[in-house]
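Structure first, then comments.
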Amino acid sequence: MVRALGVAKLFLAWAKENGDLITNLKLQKLLYYAQAWHLVNFDRRLFSDDIEAWDFGPVIADVYHHWKKHKSSAIPYEPNGKEANMFSDRQISFLTDFFRIFSNLSATALVSMSHSEDPWKKSFASRTTRKIIPPNIMKSFYTQLYADL
């Protein structure tokens, strides 16, 4: 299983190819929703890292700390052309479709979405306590959301 940092680098490479810019805040939400929808579609996690409920929504701590020096600015990432190598064809197909849809949403929209949904709301305790958002809660919530469409 891959790490969230690998997925993040793939998203940043694709954004660069498309002439787009991604902040750490937006990247965190993209990773969260990629994990959620991968759970719904394949009944397994996309990446091994835990997702925590922070003030501004779901966060993967290692990825946040890796790029936190950029604060609210876009992350300057130079692709090496190997970002996709760690993924299966099925994962690349899923991630391509996912990124095409979700990358068009703003960081603000993604934060608002995550704050209005049960996985973050039920996991967020306070600014001083960061709880893990359980994958089974994510899968259950987004499976039901999909069924209700």
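Letters A, B, ... mark the chains of the structure tokens in the order given; residue numbers begin at 1 per chain; ligand numbers begin at 1, in order shown.
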Mind checking which residues fall within 12 Å of Glu78 (chain A), counting only C-alpha atoms, ignoring those fewer than 5 positions away in the same chain, and posting them as a PyMOL selection string? chain A and resi 9-17+21+83
Resulting file, chosen residues, N, CA and C atoms, as a tab-separated table (two decimals), in the first residue's frame:
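Once written, selection_30.tsv looks like this:
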```
chain	number	residue	atom	x	y	z
A	9	LYS	N	2.15	13.75	-4.18
A	9	LYS	CA	3.10	14.11	-5.24
A	9	LYS	C	2.49	13.87	-6.62
A	10	LEU	N	1.70	12.83	-6.76
A	10	LEU	CA	1.02	12.58	-8.03
A	10	LEU	C	0.04	13.71	-8.34
A	11	PHE	N	-0.75	14.11	-7.35
A	11	PHE	CA	-1.69	15.21	-7.54
A	11	PHE	C	-0.97	16.51	-7.89
A	12	LEU	N	0.13	16.77	-7.21
A	12	LEU	CA	0.89	17.99	-7.49
A	12	LEU	C	1.49	17.96	-8.89
A	13	ALA	N	1.94	16.79	-9.33
A	13	ALA	CA	2.48	16.66	-10.69
A	13	ALA	C	1.39	16.91	-11.72
A	14	TRP	N	0.22	16.33	-11.50
A	14	TRP	CA	-0.89	16.54	-12.44
A	14	TRP	C	-1.32	18.00	-12.45
A	15	ALA	N	-1.36	18.62	-11.29
A	15	ALA	CA	-1.74	20.04	-11.22
A	15	ALA	C	-0.76	20.88	-12.02
A	16	LYS	N	0.53	20.60	-11.85
A	16	LYS	CA	1.56	21.34	-12.58
A	16	LYS	C	1.37	21.16	-14.09
A	17	GLU	N	1.10	19.94	-14.53
A	17	GLU	CA	0.87	19.67	-15.95
A	17	GLU	C	-0.31	20.48	-16.49
A	21	LEU	N	-2.47	25.33	-9.47
A	21	LEU	CA	-1.72	25.47	-8.24
A	21	LEU	C	-2.52	24.86	-7.10
A	83	GLU	N	6.08	9.82	-10.60
A	83	GLU	CA	5.06	9.84	-9.55
A	83	GLU	C	4.03	8.72	-9.69
```
Nearby residues (only C-alpha atoms) at most 9 Å from Phe141 (chain A), same-chain spacing under 5 positions excluded, as a list in words: Ala36, Glu117, Asp118, Pro119, Asn136 and Tyr146 of chain A
Within chain A, find each residue whose DSSP state, derived from the backbone, is strand (DSSP E or B), and express the selection as a list in words.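 DSSP on the backbone gives strand (DSSP E or B) at Val2, Thr23, Phe47, Glu52, Ala53, Trp54, Gly57, Pro58, Val59, Ala74, Lys131 and Ile132 of chain A.
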For N, CA and C atoms, I'd like the residues from the last selection saved as a CSV table (one decimal), in the first residue's frame.
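Result went into again39.csv, see below:
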```csv
chain,number,residue,atom,x,y,z
A,2,VAL,N,0.5,2.2,-0.7
A,2,VAL,CA,1.3,3.5,-0.8
A,2,VAL,C,1.0,4.4,0.4
A,23,THR,N,-2.6,24.4,-2.8
A,23,THR,CA,-2.1,24.7,-1.5
A,23,THR,C,-2.1,23.5,-0.6
A,47,PHE,N,-4.3,4.7,0.7
A,47,PHE,CA,-3.0,4.9,1.3
A,47,PHE,C,-3.1,4.5,2.8
A,52,GLU,N,-6.6,12.6,10.3
A,52,GLU,CA,-7.0,13.2,11.6
A,52,GLU,C,-8.0,14.4,11.3
A,53,ALA,N,-8.9,14.6,12.3
A,53,ALA,CA,-9.9,15.7,12.2
A,53,ALA,C,-9.2,16.9,12.9
A,54,TRP,N,-8.8,17.9,12.1
A,54,TRP,CA,-8.2,19.1,12.5
A,54,TRP,C,-9.2,20.3,12.4
A,57,GLY,N,-10.5,20.8,8.9
A,57,GLY,CA,-11.0,19.6,8.2
A,57,GLY,C,-10.0,18.4,8.4
A,58,PRO,N,-10.2,17.4,7.5
A,58,PRO,CA,-9.4,16.2,7.6
A,58,PRO,C,-7.9,16.6,7.1
A,59,VAL,N,-7.0,16.0,7.8
A,59,VAL,CA,-5.6,16.2,7.6
A,59,VAL,C,-4.7,15.0,7.8
A,74,ALA,N,0.7,28.4,-2.8
A,74,ALA,CA,0.7,27.2,-3.6
A,74,ALA,C,2.0,26.4,-3.3
A,131,LYS,N,-8.4,13.7,16.7
A,131,LYS,CA,-8.8,12.3,16.6
A,131,LYS,C,-8.7,11.8,15.1
A,132,ILE,N,-8.4,10.5,15.0
A,132,ILE,CA,-8.4,9.8,13.7
A,132,ILE,C,-9.8,9.7,13.2
```
For Arg90 (chain A), work out the shell of residues within 12 Å, counting only C-alpha atoms and skipping chain neighbours fewer than 3 positions away, then give it as an NGL selection string. :A and (38 or 41-42 or 46 or 84 or 86-87 or 93-97)
Just N, CA and C atoms for this one: save the residues we selected as a compact mmCIF listing (two decimals), in the first residue's frame.
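Output below, filename part32.txt:
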```
# COMPACT_ATOMS: atom_id res chain seq x y z
N HIS A 38 -12.08 5.91 -2.66
CA HIS A 38 -11.40 4.64 -2.92
C HIS A 38 -12.00 3.56 -2.02
N ASN A 41 -15.35 2.58 -3.57
CA ASN A 41 -15.25 1.85 -4.84
C ASN A 41 -14.54 0.51 -4.76
N PHE A 42 -13.56 0.40 -3.86
CA PHE A 42 -12.72 -0.80 -3.85
C PHE A 42 -12.69 -1.52 -2.50
N LEU A 46 -6.70 3.51 0.02
CA LEU A 46 -5.79 3.90 -1.05
C LEU A 46 -4.38 4.04 -0.49
N ALA A 84 3.71 8.34 -10.91
CA ALA A 84 2.68 7.33 -11.14
C ALA A 84 3.20 5.90 -11.01
N MET A 86 4.28 4.04 -8.67
CA MET A 86 3.95 3.21 -7.50
C MET A 86 2.49 2.74 -7.48
N PHE A 87 1.73 3.13 -8.50
CA PHE A 87 0.31 2.82 -8.53
C PHE A 87 -0.01 1.78 -9.58
N SER A 93 -6.33 4.80 -12.98
CA SER A 93 -7.62 5.08 -13.61
C SER A 93 -8.55 5.76 -12.61
N PHE A 94 -8.64 5.22 -11.41
CA PHE A 94 -9.48 5.83 -10.37
C PHE A 94 -8.99 7.24 -10.04
N LEU A 95 -7.70 7.39 -9.80
CA LEU A 95 -7.15 8.69 -9.40
C LEU A 95 -7.30 9.73 -10.51
N THR A 96 -7.16 9.31 -11.75
CA THR A 96 -7.35 10.23 -12.88
C THR A 96 -8.77 10.77 -12.89
N ASP A 97 -9.74 9.87 -12.79
CA ASP A 97 -11.14 10.29 -12.77
C ASP A 97 -11.43 11.16 -11.55
```
May I have the residues within 12 Å of Ala4 (chain A) as a PDB file with C-alpha atoms, in the first residue's frame, using only C-alpha atoms and disregarding those fewer than 5 positions away in the same chain?
```pdb
ATOM      1  CA  LYS A   9       3.098  14.107  -5.240  1.00  0.00           C
ATOM      2  CA  LEU A  10       1.023  12.576  -8.034  1.00  0.00           C
ATOM      3  CA  PHE A  11      -1.692  15.210  -7.543  1.00  0.00           C
ATOM      4  CA  LEU A  27      -4.122  19.006  -1.010  1.00  0.00           C
ATOM      5  CA  GLN A  28      -5.285  17.708   2.374  1.00  0.00           C
ATOM      6  CA  LYS A  29      -8.904  17.698   1.283  1.00  0.00           C
ATOM      7  CA  LEU A  30      -8.101  16.058  -2.049  1.00  0.00           C
ATOM      8  CA  LEU A  31      -6.297  13.281  -0.196  1.00  0.00           C
ATOM      9  CA  TYR A  32      -9.201  12.847   2.211  1.00  0.00           C
ATOM     10  CA  TYR A  33     -11.781  12.550  -0.549  1.00  0.00           C
ATOM     11  CA  ALA A  34      -9.528  10.273  -2.621  1.00  0.00           C
ATOM     12  CA  GLN A  35      -9.259   7.933   0.366  1.00  0.00           C
ATOM     13  CA  ARG A  45      -7.693   2.044   1.650  1.00  0.00           C
ATOM     14  CA  LEU A  46      -5.788   3.896  -1.049  1.00  0.00           C
ATOM     15  CA  PHE A  47      -2.981   4.865   1.330  1.00  0.00           C
ATOM     16  CA  SER A  48      -1.896   3.631   4.734  1.00  0.00           C
ATOM     17  CA  ASP A  49      -1.711   6.948   6.596  1.00  0.00           C
ATOM     18  CA  ASP A  50      -4.362   7.872   9.135  1.00  0.00           C
ATOM     19  CA  ILE A  51      -6.502  10.952   8.570  1.00  0.00           C
ATOM     20  CA  VAL A  59      -5.552  16.233   7.579  1.00  0.00           C
ATOM     21  CA  ILE A  60      -2.790  13.692   7.005  1.00  0.00           C
ATOM     22  CA  ALA A  61      -0.184  14.946   9.473  1.00  0.00           C
ATOM     23  CA  ASP A  62       2.939  13.737   7.608  1.00  0.00           C
ATOM     24  CA  VAL A  63       1.841  15.419   4.378  1.00  0.00           C
ATOM     25  CA  TYR A  64       0.895  18.606   6.204  1.00  0.00           C
ATOM     26  CA  HIS A  66       6.126  18.002   4.700  1.00  0.00           C
ATOM     27  CA  MET A  86       3.946   3.210  -7.499  1.00  0.00           C
ATOM     28  CA  PHE A  87       0.308   2.819  -8.527  1.00  0.00           C
TER      29      PHE A  87
END
```
Among the residues A:Val111, A:Val7, A:Ile137, A:Leu145, the one that comes closest to Asp55 (chain A) [using only C-alpha atoms]: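 Using only C-alpha atoms, Asp55 (chain A) sits closest to A:Val111.
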